[in-house]
Amino acid sequence: LLSIIRPIEEARGRDGDSFNITLVKYGLEMLGHPFGPPRPPQRQLDDREKSEFRAILEPILKAEAELARKSGSS
């Protein structure tokens with residue numbers, strides 16, 4: 001799991017942590033919990049960044065879904 005989580009933490013810390021809140025909010029949006037765009041001075045994601053971060057976030061979301069499925073079948 002650490003190999004899945006590390007890229008997310010590295011992405012959040014980019015450019016002086018300017019992606020921190022933005023990436024968390026984008027992940028929540030991917031889960032169907034939109035909290036609206038980050039407020040300034042937080043970074044807004046462009047389409048390229050969204051695509052990049054989706055690729056980073058999808059493995060952890062897949063792993064979480066698998067863990068939930070396994071714990072539900074016990």
# chains A, B, ... in the order shown; residues from 1 in each chain; ligands from 1

$ closest_atom_pairs --of "region 26-57 of chain A" --to "region 6-20 of chain A" --cutoff "9 Å" --atoms "only C-alpha atoms" --output "CSV"
residue,atom,partner,partner_atom,distance
A:Pro41,CA,A:Ser18,CA,8.4
A:Gln42,CA,A:Ser18,CA,6.0
A:Arg43,CA,A:Ser18,CA,6.0
A:Gln44,CA,A:Phe19,CA,8.5
A:Leu45,CA,A:Phe19,CA,8.7
A:Phe53,CA,A:Ala11,CA,7.9
A:Ile56,CA,A:Ile8,CA,6.2
A:Leu57,CA,A:Ile8,CA,6.8

$ write_last_selection --atoms "all heavy atoms" --output "compact mmCIF listing (two decimals), in the first residue's frame"
# COMPACT_ATOMS: atom_id res chain seq x y z
N PRO A 41 -5.44 31.09 -1.89
CA PRO A 41 -4.41 31.00 -2.94
C PRO A 41 -4.11 29.57 -3.38
O PRO A 41 -3.12 29.33 -4.05
CB PRO A 41 -3.19 31.60 -2.27
CG PRO A 41 -3.32 31.17 -0.84
CD PRO A 41 -4.80 31.19 -0.57
N GLN A 42 -4.96 28.61 -3.03
CA GLN A 42 -4.71 27.23 -3.45
C GLN A 42 -4.80 27.11 -4.96
O GLN A 42 -5.55 27.84 -5.62
CB GLN A 42 -5.72 26.27 -2.79
CG GLN A 42 -5.57 26.19 -1.29
CD GLN A 42 -4.25 25.58 -0.88
OE1 GLN A 42 -3.81 24.58 -1.41
NE2 GLN A 42 -3.60 26.21 0.08
N ARG A 43 -4.05 26.19 -5.49
CA ARG A 43 -3.94 25.97 -6.93
C ARG A 43 -5.23 25.37 -7.49
O ARG A 43 -5.87 24.55 -6.87
CB ARG A 43 -2.79 25.02 -7.15
CG ARG A 43 -2.51 24.69 -8.58
CD ARG A 43 -1.40 23.67 -8.66
NE ARG A 43 -0.15 24.19 -8.17
CZ ARG A 43 0.80 24.72 -8.95
NH1 ARG A 43 0.61 24.78 -10.24
NH2 ARG A 43 1.92 25.17 -8.43
N GLN A 44 -5.58 25.82 -8.69
CA GLN A 44 -6.67 25.22 -9.46
C GLN A 44 -6.04 24.26 -10.46
O GLN A 44 -5.00 24.56 -11.03
CB GLN A 44 -7.47 26.30 -10.21
CG GLN A 44 -8.01 27.40 -9.32
CD GLN A 44 -8.98 26.90 -8.27
OE1 GLN A 44 -9.90 26.17 -8.59
NE2 GLN A 44 -8.77 27.27 -7.03
N LEU A 45 -6.63 23.10 -10.67
CA LEU A 45 -6.07 22.12 -11.58
C LEU A 45 -6.49 22.38 -13.02
O LEU A 45 -7.66 22.64 -13.29
CB LEU A 45 -6.53 20.71 -11.20
CG LEU A 45 -6.11 20.20 -9.82
CD1 LEU A 45 -6.67 18.81 -9.59
CD2 LEU A 45 -4.60 20.21 -9.67
N PHE A 53 -3.23 13.52 -11.99
CA PHE A 53 -3.62 13.16 -10.63
C PHE A 53 -4.64 12.03 -10.61
O PHE A 53 -4.66 11.22 -9.70
CB PHE A 53 -4.12 14.38 -9.87
CG PHE A 53 -3.02 15.35 -9.56
CD1 PHE A 53 -3.23 16.71 -9.60
CD2 PHE A 53 -1.75 14.91 -9.22
CE1 PHE A 53 -2.21 17.60 -9.32
CE2 PHE A 53 -0.72 15.79 -8.94
CZ PHE A 53 -0.95 17.14 -8.99
N ILE A 56 -2.71 8.98 -10.60
CA ILE A 56 -2.09 8.75 -9.29
C ILE A 56 -3.11 8.25 -8.28
O ILE A 56 -2.83 7.37 -7.47
CB ILE A 56 -1.41 10.04 -8.78
CG1 ILE A 56 -0.19 10.38 -9.65
CG2 ILE A 56 -0.99 9.90 -7.32
CD1 ILE A 56 0.40 11.74 -9.35
N LEU A 57 -4.32 8.81 -8.33
CA LEU A 57 -5.34 8.48 -7.34
C LEU A 57 -6.07 7.16 -7.62
O LEU A 57 -6.49 6.48 -6.68
CB LEU A 57 -6.37 9.61 -7.26
CG LEU A 57 -5.85 10.91 -6.64
CD1 LEU A 57 -6.83 12.04 -6.90
CD2 LEU A 57 -5.61 10.75 -5.15

$ closest_residue --among "A:Leu1, A:Ser71, A:Pro38, A:Ala65" --to "Leu23 (chain A)" --atoms "only C-alpha atoms"
A:Pro38

$ atom_distance --atom1 "CA of Tyr26 (chain A)" --atom2 "CA of Arg39 (chain A)"
13.0 Å

$ select_by_dssp --residues "region 3-43 of chain A" --states "helix (DSSP H, G or I)" --output "list in words"
Ser3, Ile4, Ile5, Arg6, Pro7, Ile8, Glu9, Glu10, Ala11, Arg12, Arg14, Asp15, Gly16, Asp17, Asn20, Ile21, Thr22, Leu23, Val24, Lys25, Tyr26, Gly27, Leu28, Glu29 and Met30 of chain A

$ write_last_selection --atoms "N, CA and C atoms" --output "compact mmCIF listing (two decimals), in the first residue's frame"
# COMPACT_ATOMS: atom_id res chain seq x y z
N SER A 3 3.55 1.82 -1.59
CA SER A 3 3.94 2.17 -2.97
C SER A 3 2.81 2.86 -3.71
N ILE A 4 1.58 2.62 -3.29
CA ILE A 4 0.42 3.28 -3.91
C ILE A 4 0.23 4.68 -3.32
N ILE A 5 0.44 4.81 -2.02
CA ILE A 5 0.19 6.07 -1.33
C ILE A 5 1.30 7.09 -1.54
N ARG A 6 2.55 6.62 -1.64
CA ARG A 6 3.69 7.54 -1.76
C ARG A 6 3.53 8.55 -2.90
N PRO A 7 3.13 8.13 -4.13
CA PRO A 7 2.97 9.13 -5.20
C PRO A 7 1.93 10.20 -4.87
N ILE A 8 0.91 9.84 -4.14
CA ILE A 8 -0.11 10.82 -3.75
C ILE A 8 0.51 11.86 -2.80
N GLU A 9 1.24 11.38 -1.82
CA GLU A 9 1.87 12.29 -0.86
C GLU A 9 2.91 13.17 -1.54
N GLU A 10 3.66 12.61 -2.47
CA GLU A 10 4.64 13.41 -3.20
C GLU A 10 3.95 14.47 -4.05
N ALA A 11 2.84 14.12 -4.67
CA ALA A 11 2.10 15.09 -5.48
C ALA A 11 1.53 16.21 -4.61
N ARG A 12 1.02 15.86 -3.43
CA ARG A 12 0.47 16.88 -2.53
C ARG A 12 1.54 17.87 -2.09
N ARG A 14 4.16 18.93 -3.82
CA ARG A 14 4.81 19.67 -4.91
C ARG A 14 4.67 21.17 -4.76
N ASP A 15 5.64 21.87 -5.29
CA ASP A 15 5.60 23.34 -5.37
C ASP A 15 5.19 23.97 -4.04
N GLY A 16 5.91 23.59 -2.98
CA GLY A 16 5.64 24.19 -1.68
C GLY A 16 4.28 23.83 -1.12
N ASP A 17 3.85 22.61 -1.33
CA ASP A 17 2.55 22.12 -0.85
C ASP A 17 1.36 22.80 -1.52
N ASN A 20 -1.65 20.52 -2.04
CA ASN A 20 -2.14 19.76 -0.89
C ASN A 20 -3.66 19.71 -0.83
N ILE A 21 -4.30 20.82 -0.61
CA ILE A 21 -5.76 20.88 -0.50
C ILE A 21 -6.41 20.54 -1.84
N THR A 22 -5.82 21.03 -2.91
CA THR A 22 -6.37 20.81 -4.24
C THR A 22 -6.48 19.33 -4.57
N LEU A 23 -5.44 18.57 -4.27
CA LEU A 23 -5.45 17.14 -4.58
C LEU A 23 -6.42 16.38 -3.70
N VAL A 24 -6.52 16.75 -2.43
CA VAL A 24 -7.48 16.10 -1.54
C VAL A 24 -8.90 16.36 -2.06
N LYS A 25 -9.19 17.60 -2.42
CA LYS A 25 -10.52 17.92 -2.94
C LYS A 25 -10.81 17.20 -4.25
N TYR A 26 -9.81 17.06 -5.10
CA TYR A 26 -10.01 16.35 -6.35
C TYR A 26 -10.29 14.87 -6.09
N GLY A 27 -9.58 14.28 -5.14
CA GLY A 27 -9.84 12.88 -4.78
C GLY A 27 -11.25 12.70 -4.24
N LEU A 28 -11.69 13.61 -3.41
CA LEU A 28 -13.06 13.54 -2.89
C LEU A 28 -14.08 13.67 -4.02
N GLU A 29 -13.79 14.55 -4.97
CA GLU A 29 -14.67 14.72 -6.12
C GLU A 29 -14.75 13.41 -6.92
N MET A 30 -13.61 12.73 -7.08
CA MET A 30 -13.60 11.45 -7.79
C MET A 30 -14.47 10.41 -7.09

$ decode --residues "region 12-45 of chain A" --atoms "N, CA, C and O atoms" --output "PDB file, in the first residue's frame"
ATOM      1  N   ARG A  12       1.021  15.856  -3.429  1.00  0.00           N
ATOM      2  CA  ARG A  12       0.468  16.879  -2.532  1.00  0.00           C
ATOM      3  C   ARG A  12       1.539  17.869  -2.090  1.00  0.00           C
ATOM      4  O   ARG A  12       1.251  19.038  -1.863  1.00  0.00           O
ATOM      5  N   GLY A  13       2.771  17.426  -1.989  1.00  0.00           N
ATOM      6  CA  GLY A  13       3.843  18.274  -1.512  1.00  0.00           C
ATOM      7  C   GLY A  13       4.559  19.081  -2.580  1.00  0.00           C
ATOM      8  O   GLY A  13       5.457  19.858  -2.275  1.00  0.00           O
ATOM      9  N   ARG A  14       4.157  18.929  -3.824  1.00  0.00           N
ATOM     10  CA  ARG A  14       4.810  19.667  -4.915  1.00  0.00           C
ATOM     11  C   ARG A  14       4.667  21.168  -4.757  1.00  0.00           C
ATOM     12  O   ARG A  14       3.665  21.655  -4.236  1.00  0.00           O
ATOM     13  N   ASP A  15       5.638  21.869  -5.295  1.00  0.00           N
ATOM     14  CA  ASP A  15       5.596  23.335  -5.367  1.00  0.00           C
ATOM     15  C   ASP A  15       5.193  23.965  -4.038  1.00  0.00           C
ATOM     16  O   ASP A  15       4.233  24.747  -3.962  1.00  0.00           O
ATOM     17  N   GLY A  16       5.913  23.591  -2.984  1.00  0.00           N
ATOM     18  CA  GLY A  16       5.642  24.191  -1.675  1.00  0.00           C
ATOM     19  C   GLY A  16       4.282  23.834  -1.122  1.00  0.00           C
ATOM     20  O   GLY A  16       3.624  24.678  -0.527  1.00  0.00           O
ATOM     21  N   ASP A  17       3.853  22.610  -1.327  1.00  0.00           N
ATOM     22  CA  ASP A  17       2.554  22.117  -0.851  1.00  0.00           C
ATOM     23  C   ASP A  17       1.362  22.800  -1.520  1.00  0.00           C
ATOM     24  O   ASP A  17       0.245  22.747  -1.015  1.00  0.00           O
ATOM     25  N   SER A  18       1.569  23.408  -2.686  1.00  0.00           N
ATOM     26  CA  SER A  18       0.465  24.134  -3.317  1.00  0.00           C
ATOM     27  C   SER A  18      -0.608  23.204  -3.888  1.00  0.00           C
ATOM     28  O   SER A  18      -1.683  23.661  -4.258  1.00  0.00           O
ATOM     29  N   PHE A  19      -0.337  21.901  -3.947  1.00  0.00           N
ATOM     30  CA  PHE A  19      -1.330  20.948  -4.418  1.00  0.00           C
ATOM     31  C   PHE A  19      -2.025  20.236  -3.263  1.00  0.00           C
ATOM     32  O   PHE A  19      -2.891  19.397  -3.497  1.00  0.00           O
ATOM     33  N   ASN A  20      -1.652  20.517  -2.040  1.00  0.00           N
ATOM     34  CA  ASN A  20      -2.136  19.758  -0.890  1.00  0.00           C
ATOM     35  C   ASN A  20      -3.662  19.710  -0.826  1.00  0.00           C
ATOM     36  O   ASN A  20      -4.265  18.652  -0.975  1.00  0.00           O
ATOM     37  N   ILE A  21      -4.297  20.816  -0.606  1.00  0.00           N
ATOM     38  CA  ILE A  21      -5.759  20.881  -0.497  1.00  0.00           C
ATOM     39  C   ILE A  21      -6.407  20.544  -1.836  1.00  0.00           C
ATOM     40  O   ILE A  21      -7.404  19.824  -1.895  1.00  0.00           O
ATOM     41  N   THR A  22      -5.819  21.028  -2.910  1.00  0.00           N
ATOM     42  CA  THR A  22      -6.366  20.812  -4.240  1.00  0.00           C
ATOM     43  C   THR A  22      -6.480  19.328  -4.566  1.00  0.00           C
ATOM     44  O   THR A  22      -7.513  18.871  -5.068  1.00  0.00           O
ATOM     45  N   LEU A  23      -5.437  18.567  -4.267  1.00  0.00           N
ATOM     46  CA  LEU A  23      -5.445  17.144  -4.583  1.00  0.00           C
ATOM     47  C   LEU A  23      -6.421  16.381  -3.698  1.00  0.00           C
ATOM     48  O   LEU A  23      -7.120  15.480  -4.170  1.00  0.00           O
ATOM     49  N   VAL A  24      -6.515  16.751  -2.432  1.00  0.00           N
ATOM     50  CA  VAL A  24      -7.484  16.104  -1.544  1.00  0.00           C
ATOM     51  C   VAL A  24      -8.905  16.357  -2.060  1.00  0.00           C
ATOM     52  O   VAL A  24      -9.721  15.443  -2.150  1.00  0.00           O
ATOM     53  N   LYS A  25      -9.190  17.598  -2.424  1.00  0.00           N
ATOM     54  CA  LYS A  25     -10.523  17.921  -2.938  1.00  0.00           C
ATOM     55  C   LYS A  25     -10.809  17.196  -4.249  1.00  0.00           C
ATOM     56  O   LYS A  25     -11.930  16.730  -4.472  1.00  0.00           O
ATOM     57  N   TYR A  26      -9.811  17.058  -5.096  1.00  0.00           N
ATOM     58  CA  TYR A  26     -10.010  16.345  -6.355  1.00  0.00           C
ATOM     59  C   TYR A  26     -10.291  14.867  -6.087  1.00  0.00           C
ATOM     60  O   TYR A  26     -11.164  14.275  -6.719  1.00  0.00           O
ATOM     61  N   GLY A  27      -9.575  14.276  -5.143  1.00  0.00           N
ATOM     62  CA  GLY A  27      -9.840  12.885  -4.777  1.00  0.00           C
ATOM     63  C   GLY A  27     -11.248  12.702  -4.243  1.00  0.00           C
ATOM     64  O   GLY A  27     -11.939  11.735  -4.590  1.00  0.00           O
ATOM     65  N   LEU A  28     -11.694  13.609  -3.407  1.00  0.00           N
ATOM     66  CA  LEU A  28     -13.061  13.540  -2.894  1.00  0.00           C
ATOM     67  C   LEU A  28     -14.081  13.672  -4.022  1.00  0.00           C
ATOM     68  O   LEU A  28     -15.099  12.984  -4.038  1.00  0.00           O
ATOM     69  N   GLU A  29     -13.788  14.555  -4.970  1.00  0.00           N
ATOM     70  CA  GLU A  29     -14.674  14.717  -6.124  1.00  0.00           C
ATOM     71  C   GLU A  29     -14.754  13.414  -6.923  1.00  0.00           C
ATOM     72  O   GLU A  29     -15.838  13.015  -7.367  1.00  0.00           O
ATOM     73  N   MET A  30     -13.611  12.726  -7.079  1.00  0.00           N
ATOM     74  CA  MET A  30     -13.596  11.446  -7.795  1.00  0.00           C
ATOM     75  C   MET A  30     -14.469  10.413  -7.087  1.00  0.00           C
ATOM     76  O   MET A  30     -15.020   9.527  -7.727  1.00  0.00           O
ATOM     77  N   LEU A  31     -14.609  10.536  -5.778  1.00  0.00           N
ATOM     78  CA  LEU A  31     -15.431   9.612  -5.000  1.00  0.00           C
ATOM     79  C   LEU A  31     -16.903  10.022  -4.970  1.00  0.00           C
ATOM     80  O   LEU A  31     -17.717   9.361  -4.336  1.00  0.00           O
ATOM     81  N   GLY A  32     -17.225  11.132  -5.626  1.00  0.00           N
ATOM     82  CA  GLY A  32     -18.607  11.585  -5.660  1.00  0.00           C
ATOM     83  C   GLY A  32     -18.970  12.525  -4.528  1.00  0.00           C
ATOM     84  O   GLY A  32     -20.150  12.700  -4.216  1.00  0.00           O
ATOM     85  N   HIS A  33     -17.967  13.138  -3.911  1.00  0.00           N
ATOM     86  CA  HIS A  33     -18.183  14.087  -2.820  1.00  0.00           C
ATOM     87  C   HIS A  33     -17.572  15.441  -3.183  1.00  0.00           C
ATOM     88  O   HIS A  33     -16.559  15.846  -2.626  1.00  0.00           O
ATOM     89  N   PRO A  34     -18.176  16.157  -4.113  1.00  0.00           N
ATOM     90  CA  PRO A  34     -17.602  17.440  -4.516  1.00  0.00           C
ATOM     91  C   PRO A  34     -17.759  18.487  -3.415  1.00  0.00           C
ATOM     92  O   PRO A  34     -18.847  18.686  -2.884  1.00  0.00           O
ATOM     93  N   PHE A  35     -16.658  19.092  -3.052  1.00  0.00           N
ATOM     94  CA  PHE A  35     -16.665  20.154  -2.048  1.00  0.00           C
ATOM     95  C   PHE A  35     -16.396  21.505  -2.675  1.00  0.00           C
ATOM     96  O   PHE A  35     -16.112  22.461  -1.992  1.00  0.00           O
ATOM     97  N   GLY A  36     -16.453  21.579  -3.994  1.00  0.00           N
ATOM     98  CA  GLY A  36     -16.196  22.824  -4.698  1.00  0.00           C
ATOM     99  C   GLY A  36     -14.719  23.043  -4.920  1.00  0.00           C
ATOM    100  O   GLY A  36     -13.883  22.320  -4.386  1.00  0.00           O
ATOM    101  N   PRO A  37     -14.400  24.052  -5.701  1.00  0.00           N
ATOM    102  CA  PRO A  37     -12.997  24.308  -6.017  1.00  0.00           C
ATOM    103  C   PRO A  37     -12.244  24.834  -4.796  1.00  0.00           C
ATOM    104  O   PRO A  37     -12.843  25.435  -3.901  1.00  0.00           O
ATOM    105  N   PRO A  38     -10.935  24.601  -4.766  1.00  0.00           N
ATOM    106  CA  PRO A  38     -10.130  25.158  -3.678  1.00  0.00           C
ATOM    107  C   PRO A  38     -10.169  26.683  -3.720  1.00  0.00           C
ATOM    108  O   PRO A  38     -10.208  27.283  -4.794  1.00  0.00           O
ATOM    109  N   ARG A  39     -10.170  27.290  -2.554  1.00  0.00           N
ATOM    110  CA  ARG A  39     -10.168  28.749  -2.492  1.00  0.00           C
ATOM    111  C   ARG A  39      -8.754  29.281  -2.665  1.00  0.00           C
ATOM    112  O   ARG A  39      -7.794  28.651  -2.246  1.00  0.00           O
ATOM    113  N   PRO A  40      -8.627  30.441  -3.284  1.00  0.00           N
ATOM    114  CA  PRO A  40      -7.302  31.062  -3.408  1.00  0.00           C
ATOM    115  C   PRO A  40      -6.694  31.252  -2.021  1.00  0.00           C
ATOM    116  O   PRO A  40      -7.440  31.482  -1.075  1.00  0.00           O
ATOM    117  N   PRO A  41      -5.436  31.086  -1.892  1.00  0.00           N
ATOM    118  CA  PRO A  41      -4.413  30.996  -2.939  1.00  0.00           C
ATOM    119  C   PRO A  41      -4.111  29.567  -3.378  1.00  0.00           C
ATOM    120  O   PRO A  41      -3.116  29.332  -4.054  1.00  0.00           O
ATOM    121  N   GLN A  42      -4.960  28.614  -3.031  1.00  0.00           N
ATOM    122  CA  GLN A  42      -4.710  27.233  -3.448  1.00  0.00           C
ATOM    123  C   GLN A  42      -4.801  27.114  -4.958  1.00  0.00           C
ATOM    124  O   GLN A  42      -5.553  27.836  -5.616  1.00  0.00           O
ATOM    125  N   ARG A  43      -4.054  26.194  -5.486  1.00  0.00           N
ATOM    126  CA  ARG A  43      -3.942  25.973  -6.926  1.00  0.00           C
ATOM    127  C   ARG A  43      -5.232  25.372  -7.494  1.00  0.00           C
ATOM    128  O   ARG A  43      -5.870  24.547  -6.867  1.00  0.00           O
ATOM    129  N   GLN A  44      -5.584  25.822  -8.692  1.00  0.00           N
ATOM    130  CA  GLN A  44      -6.674  25.223  -9.458  1.00  0.00           C
ATOM    131  C   GLN A  44      -6.043  24.258 -10.462  1.00  0.00           C
ATOM    132  O   GLN A  44      -5.000  24.564 -11.034  1.00  0.00           O
ATOM    133  N   LEU A  45      -6.630  23.103 -10.670  1.00  0.00           N
ATOM    134  CA  LEU A  45      -6.066  22.120 -11.581  1.00  0.00           C
ATOM    135  C   LEU A  45      -6.494  22.381 -13.022  1.00  0.00           C
ATOM    136  O   LEU A  45      -7.661  22.636 -13.287  1.00  0.00           O
TER     137      LEU A  45
END
